[in-house]
$ cat final-v4.cif   # mmCIF, C-alpha atoms
data_protein
loop_
_atom_site.label_atom_id
_atom_site.label_comp_id
_atom_site.auth_asym_id
_atom_site.auth_seq_id
_atom_site.Cartn_x
_atom_site.Cartn_y
_atom_site.Cartn_z
CA MET A 969 11.87 -10.09 2.16
CA SER A 970 9.89 -8.88 5.11
CA LYS A 971 6.29 -7.78 5.31
CA ILE A 972 5.08 -4.37 4.15
CA ALA A 973 1.83 -2.91 5.47
CA VAL A 974 0.26 0.44 4.71
CA LEU A 975 -1.56 2.45 7.38
CA ARG A 976 -4.12 4.88 5.97
CA LEU A 977 -4.90 7.59 8.53
CA GLY A 978 -8.31 9.17 8.96
CA HIS A 979 -10.47 7.69 6.19
CA ARG A 980 -13.67 9.70 5.67
CA ILE A 981 -16.41 7.83 3.78
CA ILE A 982 -17.90 10.79 1.94
CA ARG A 983 -14.65 12.52 1.06
CA ASP A 984 -12.00 9.78 0.79
CA GLN A 985 -13.66 6.64 -0.58
CA ARG A 986 -12.02 6.78 -4.00
CA ILE A 987 -8.58 7.88 -2.77
CA THR A 988 -8.49 5.24 -0.01
CA THR A 989 -9.48 2.59 -2.55
CA HIS A 990 -6.59 3.77 -4.75
CA ILE A 991 -4.22 3.58 -1.79
CA ALA A 992 -5.28 -0.05 -1.27
CA LEU A 993 -4.92 -0.87 -4.98
CA VAL A 994 -1.47 0.70 -5.18
CA ALA A 995 -0.38 -0.98 -1.95
CA ARG A 996 -1.40 -4.39 -3.35
CA ALA A 997 0.00 -3.85 -6.85
CA TYR A 998 3.28 -2.50 -5.49
CA GLY A 999 4.03 -5.38 -3.14
CA ALA A 1000 2.46 -4.57 0.23
CA HIS A 1001 0.77 -7.38 2.14
CA GLU A 1002 -2.03 -5.39 3.73
CA VAL A 1003 -3.67 -2.03 4.18
CA ILE A 1004 -4.84 -0.98 7.63
CA ILE A 1005 -7.41 1.82 7.62
CA THR A 1006 -8.38 4.12 10.48
CA GLY A 1007 -11.20 6.62 10.52
CA ASP A 1008 -14.74 5.98 9.32
CA ARG A 1009 -15.51 2.27 9.09
CA ASP A 1010 -16.44 1.43 5.47
CA GLU A 1011 -17.31 -2.22 4.84
CA GLY A 1012 -17.93 -1.47 1.15
CA LEU A 1013 -14.28 -0.47 0.81
CA ILE A 1014 -13.12 -3.75 2.38
CA LYS A 1015 -15.41 -5.78 0.11
CA SER A 1016 -14.12 -3.90 -2.95
CA VAL A 1017 -10.51 -4.77 -2.06
CA GLU A 1018 -11.48 -8.40 -1.39
CA ARG A 1019 -13.09 -8.64 -4.86
CA VAL A 1020 -9.88 -7.36 -6.48
CA VAL A 1021 -7.80 -9.96 -4.61
CA GLU A 1022 -10.28 -12.69 -5.51
CA ARG A 1023 -10.05 -11.88 -9.23
CA TRP A 1024 -6.42 -10.81 -9.54
CA GLY A 1025 -4.82 -13.05 -6.89
CA GLY A 1026 -2.35 -12.63 -4.09
CA ASP A 1027 -2.66 -12.72 -0.33
CA PHE A 1028 -3.33 -9.01 0.24
CA THR A 1029 -5.74 -8.07 3.03
CA ALA A 1030 -7.56 -4.92 4.09
CA ARG A 1031 -8.89 -4.16 7.56
CA PHE A 1032 -10.09 -1.36 9.79
CA GLU A 1033 -8.61 -0.54 13.18
CA GLY A 1034 -10.02 1.90 15.71
CA SER A 1035 -6.76 3.49 16.85
CA TRP A 1036 -3.86 4.49 14.64
CA LYS A 1037 -1.75 4.95 17.77
CA ALA A 1038 -2.35 1.34 18.79
CA VAL A 1039 -1.43 0.13 15.28
CA ILE A 1040 1.87 2.02 15.40
CA ARG A 1041 2.61 1.00 19.00
CA ASN A 1042 1.90 -2.69 18.28
CA TRP A 1043 4.01 -2.56 15.11
CA LYS A 1044 6.99 -1.11 16.95
CA ASN A 1045 6.54 -3.51 19.91
CA ALA A 1046 6.73 -6.40 17.43
CA GLY A 1047 10.09 -5.06 16.18
CA GLY A 1048 8.85 -3.42 12.99
CA THR A 1049 9.93 -0.12 11.45
CA VAL A 1050 7.50 2.77 10.90
CA ILE A 1051 7.83 5.06 7.88
CA HIS A 1052 5.65 8.16 7.56
CA LEU A 1053 5.36 9.59 4.05
CA THR A 1054 5.21 13.38 4.27
CA MET A 1055 6.49 16.29 2.23
CA TYR A 1056 8.27 17.55 5.37
CA GLY A 1057 10.59 14.56 5.87
CA ILE A 1058 14.06 13.55 4.73
CA ASN A 1059 14.17 13.31 0.93
CA LEU A 1060 13.61 9.79 -0.36
CA PRO A 1061 16.92 9.45 -2.25
CA ASP A 1062 18.82 10.37 0.93
CA ILE A 1063 17.24 7.70 3.17
CA ILE A 1064 15.87 4.86 1.02
CA GLY A 1065 19.11 2.83 1.16
CA GLU A 1066 19.01 2.67 4.96
CA ILE A 1067 15.32 1.67 4.97
CA ARG A 1068 15.86 -0.93 2.24
CA GLU A 1069 18.71 -2.52 4.21
CA LYS A 1070 16.48 -2.90 7.27
CA TRP A 1071 13.69 -4.39 5.16
CA LYS A 1072 16.01 -6.86 3.45
CA ALA A 1073 17.45 -7.80 6.86
CA GLY A 1074 14.01 -8.88 8.06
CA LYS A 1075 12.38 -5.76 9.50
CA ASP A 1076 8.67 -5.48 8.72
CA LEU A 1077 7.69 -2.03 7.45
CA LEU A 1078 4.59 -0.02 8.26
CA VAL A 1079 4.18 2.80 5.74
CA ILE A 1080 1.87 5.60 6.92
CA VAL A 1081 -0.07 7.78 4.50
CA GLY A 1082 -2.29 10.58 5.71
CA GLY A 1083 -5.88 11.46 5.01
CA GLU A 1084 -7.28 14.31 7.02
CA LYS A 1085 -4.75 16.54 8.78
CA VAL A 1086 -2.02 14.27 10.13
CA PRO A 1087 -1.63 14.60 13.91
CA GLY A 1088 1.78 16.01 14.90
CA GLU A 1089 2.37 12.98 17.10
CA VAL A 1090 2.77 10.80 13.99
CA PHE A 1091 6.00 12.66 13.15
CA TYR A 1092 7.46 11.66 16.53
CA LEU A 1093 6.19 8.07 16.58
CA ALA A 1094 7.59 7.28 13.12
CA ASP A 1095 11.11 5.90 12.84
CA TYR A 1096 11.44 7.75 9.52
CA ASN A 1097 9.63 10.76 8.09
CA VAL A 1098 10.25 10.44 4.36
CA ALA A 1099 9.56 13.07 1.70
CA VAL A 1100 8.90 11.83 -1.81
CA SER A 1101 8.78 15.50 -2.76
CA ASN A 1102 8.95 18.69 -0.74
CA GLN A 1103 5.94 19.95 -2.67
CA PRO A 1104 2.22 19.27 -2.20
CA HIS A 1105 1.35 15.96 -3.85
CA SER A 1106 -0.96 12.96 -3.68
CA GLU A 1107 -0.56 10.33 -0.98
CA VAL A 1108 -1.25 7.73 -3.70
CA ALA A 1109 1.69 8.99 -5.76
CA ALA A 1110 3.90 9.13 -2.67
CA LEU A 1111 3.04 5.53 -1.76
CA ALA A 1112 3.69 4.24 -5.29
CA THR A 1113 6.99 6.09 -5.54
CA PHE A 1114 8.19 4.94 -2.12
CA LEU A 1115 7.28 1.27 -2.72
CA ASP A 1116 8.92 1.34 -6.15
CA TRP A 1117 12.17 2.82 -4.83
CA LEU A 1118 12.16 0.41 -1.90
CA GLN A 1119 11.88 -2.64 -4.16
CA GLU A 1120 13.93 -1.21 -7.04
CA GLY A 1121 11.21 -1.98 -9.59
CA LYS A 1122 11.05 -5.72 -8.83
CA GLU A 1123 7.42 -5.42 -7.71
CA LEU A 1124 6.36 -4.55 -11.26
CA THR A 1125 6.86 -8.10 -12.55
CA ARG A 1126 5.54 -9.94 -9.50
CA GLU A 1127 3.29 -12.96 -10.06
CA TYR A 1128 0.12 -13.25 -7.96
CA PRO A 1129 -0.86 -16.73 -6.75
CA ASN A 1130 -4.49 -17.86 -7.05
CA ALA A 1131 -5.31 -15.27 -9.72
CA ARG A 1132 -8.41 -15.77 -11.85
CA LEU A 1133 -7.26 -13.14 -14.34
CA LYS A 1134 -3.87 -12.31 -15.77
CA ILE A 1135 -3.00 -9.60 -18.27
CA ILE A 1136 -0.78 -10.61 -21.17
CA PRO A 1137 1.31 -7.51 -21.97
CA GLN A 1138 1.27 -6.35 -25.58
CA SER A 1139 1.91 -3.15 -27.46
CA ARG A 1140 -1.70 -2.72 -28.66
CA GLY A 1141 -5.07 -3.95 -27.56
CA LYS A 1142 -6.04 -5.82 -24.42
CA LYS A 1143 -5.38 -9.47 -23.74
CA VAL A 1144 -6.60 -11.00 -20.49
CA LEU A 1145 -6.07 -14.65 -19.70
CA VAL A 1146 -8.93 -16.20 -17.73
CA LEU A 1147 -7.52 -18.74 -15.29
CA LYS A 1148 -9.08 -21.46 -13.16
CA GLY A 1149 -12.42 -21.58 -14.93
CA SER A 1150 -13.44 -18.06 -13.97
CA ALA A 1151 -16.90 -17.05 -15.14
CA ASP A 1152 -15.73 -13.51 -15.85
CA GLU A 1153 -16.67 -12.09 -19.22
CA THR A 1154 -13.15 -11.14 -20.24
CA GLY A 1155 -11.06 -12.09 -23.18
CA ASN A 1156 -9.14 -10.69 -26.09
CA LYS A 1157 -9.93 -7.38 -27.75
#

$ encode --input "final-v4.cif" --output "structure tokens"
Amino acid sequence: MSKIAVLRLGHRIIRDQRITTHIALVARAYGAHEVIITGDRDEGLIKSVERVVERWGGDFTARFEGSWKAVIRNWKNAGGTVIHLTMYGINLPDIIGEIREKWKAGKDLLVIVGGEKVPGEVFYLADYNVAVSNQPHSEVAALATFLDWLQEGKELTREYPNARLKIIPQSRGKKVLVLKGSADETGNK
């Protein structure tokens, strides 16, 4: 499959720190390769994502860019497809098959999620404006839903290379396997 990146528009340190962190966590857990953040530069956010990757594995990265327009332009110039998640777009069930075909055929996807008011230009620069719902909702929920539909649930059983921790699913309690001699204080409960 091709690469999936998530572009978070307009991060504001005071207002959006938790939600942007959740966008990064969902992007990683649901199969994206990176999150690109525009807006206020927040090194603490990047370090937080790096700690998650260090403990839980994978090759996910997080970075800041100064211009969302440049990110979109560069993505498109490299042959990638741009998807903007918005409640005003074409409903997800009506367009996901077409997007999935492009992705499986080798097109890298840039998935845009808003923060502050999304500039109108984003709607015109995107190849697809996709609505997960035509009602107000969370950008975190929209991202998770879109990535799940795109990958048809396969991302939920993905293995993460270089993980120090791995959860062992069970019906009750918590079981975490500590891998590679991690010094973490985790175990069975």

$ resolve_selection --input "final-v4.cif" --expression "the PyMOL selection byres ((chain A and resi 1131-1136) around 6)" --output "PyMOL selection string"
chain A and resi 1023-1025+1129-1130+1137+1143-1148+1150

$ write_last_selection --input "final-v4.cif" --atoms "C-alpha atoms" --output "mmCIF file, in the coordinates of the input"
data_model
loop_
_atom_site.group_PDB
_atom_site.id
_atom_site.type_symbol
_atom_site.label_atom_id
_atom_site.label_comp_id
_atom_site.auth_asym_id
_atom_site.auth_seq_id
_atom_site.Cartn_x
_atom_site.Cartn_y
_atom_site.Cartn_z
ATOM 1 C CA ARG A 1023 -10.050 -11.880 -9.230
ATOM 2 C CA TRP A 1024 -6.420 -10.810 -9.540
ATOM 3 C CA GLY A 1025 -4.820 -13.050 -6.890
ATOM 4 C CA PRO A 1129 -0.860 -16.730 -6.750
ATOM 5 C CA ASN A 1130 -4.490 -17.860 -7.050
ATOM 6 C CA PRO A 1137 1.310 -7.510 -21.970
ATOM 7 C CA LYS A 1143 -5.380 -9.470 -23.740
ATOM 8 C CA VAL A 1144 -6.600 -11.000 -20.490
ATOM 9 C CA LEU A 1145 -6.070 -14.650 -19.700
ATOM 10 C CA VAL A 1146 -8.930 -16.200 -17.730
ATOM 11 C CA LEU A 1147 -7.520 -18.740 -15.290
ATOM 12 C CA LYS A 1148 -9.080 -21.460 -13.160
ATOM 13 C CA SER A 1150 -13.440 -18.060 -13.970
#

$ resolve_selection --input "final-v4.cif" --expression "the PyMOL selection byres ((chain A and resi 1063-1068) around 9)" --output "list in words"
Thr1049, Ile1051, Ile1058, Asn1059, Leu1060, Pro1061, Asp1062, Glu1069, Lys1070, Trp1071, Lys1072, Ala1073, Leu1077, Tyr1096, Val1098, Phe1114, Trp1117, Leu1118 and Gln1119 of chain A

$ resolve_selection --input "final-v4.cif" --expression "the PyMOL selection byres ((chain A and resi 986) around 12)" --output "PyMOL selection string"
chain A and resi 979-985+987-993+1010+1012-1013+1016-1017+1083+1108

$ atom_distance --input "final-v4.cif" --atom1 "CA of Gln1103 in chain A" --atom2 "CA of Thr1054 in chain A"
9.6 Å

$ closest_residue --input "final-v4.cif" --among "A:Ile1004, A:Leu1111, A:Met1055, A:Val1021" --to "Trp1043 in chain A" --atoms "all atoms listed in the file"
A:Ile1004

$ axis_aligned_box --input "final-v4.cif" --around "range 1007-1014 of chain A" --padding-each-side "8 Å" --output "lines of an AutoDock Vina configuration file"
center_x = -14.6
center_y = 1.4
center_z = 5.7
size_x = 22.7
size_y = 26.4
size_z = 25.7

$ atom_distance --input "final-v4.cif" --atom1 "CA of His1052 in chain A" --atom2 "CA of Leu1078 in chain A"
8.3 Å

$ closest_residue --input "final-v4.cif" --among "A:Gly1026, A:Gly1082, A:Gly1088, A:Gly999" --to "Lys971 in chain A" --atoms "only C-alpha atoms"
A:Gly999

$ atom_distance --input "final-v4.cif" --atom1 "CA of Val1079 in chain A" --atom2 "CA of Pro1104 in chain A"
18.4 Å

$ residues_around --input "final-v4.cif" --residues "Val1090 in chain A" --least-positions-apart "5" --cutoff "12 Å" --atoms "all atoms listed in the file" --output "compact mmCIF listing (two decimals) with C-alpha atoms, in the frame of the given file"
# COMPACT_ATOMS: atom_id res chain seq x y z
CA LEU A 975 -1.56 2.45 7.38
CA LEU A 977 -4.90 7.59 8.53
CA TRP A 1036 -3.86 4.49 14.64
CA LYS A 1037 -1.75 4.95 17.77
CA ALA A 1038 -2.35 1.34 18.79
CA VAL A 1039 -1.43 0.13 15.28
CA ILE A 1040 1.87 2.02 15.40
CA ARG A 1041 2.61 1.00 19.00
CA VAL A 1050 7.50 2.77 10.90
CA ILE A 1051 7.83 5.06 7.88
CA HIS A 1052 5.65 8.16 7.56
CA LEU A 1053 5.36 9.59 4.05
CA THR A 1054 5.21 13.38 4.27
CA GLY A 1057 10.59 14.56 5.87
CA VAL A 1079 4.18 2.80 5.74
CA ILE A 1080 1.87 5.60 6.92
CA VAL A 1081 -0.07 7.78 4.50
CA GLY A 1082 -2.29 10.58 5.71
CA LYS A 1085 -4.75 16.54 8.78
CA ASP A 1095 11.11 5.90 12.84
CA TYR A 1096 11.44 7.75 9.52
CA ASN A 1097 9.63 10.76 8.09
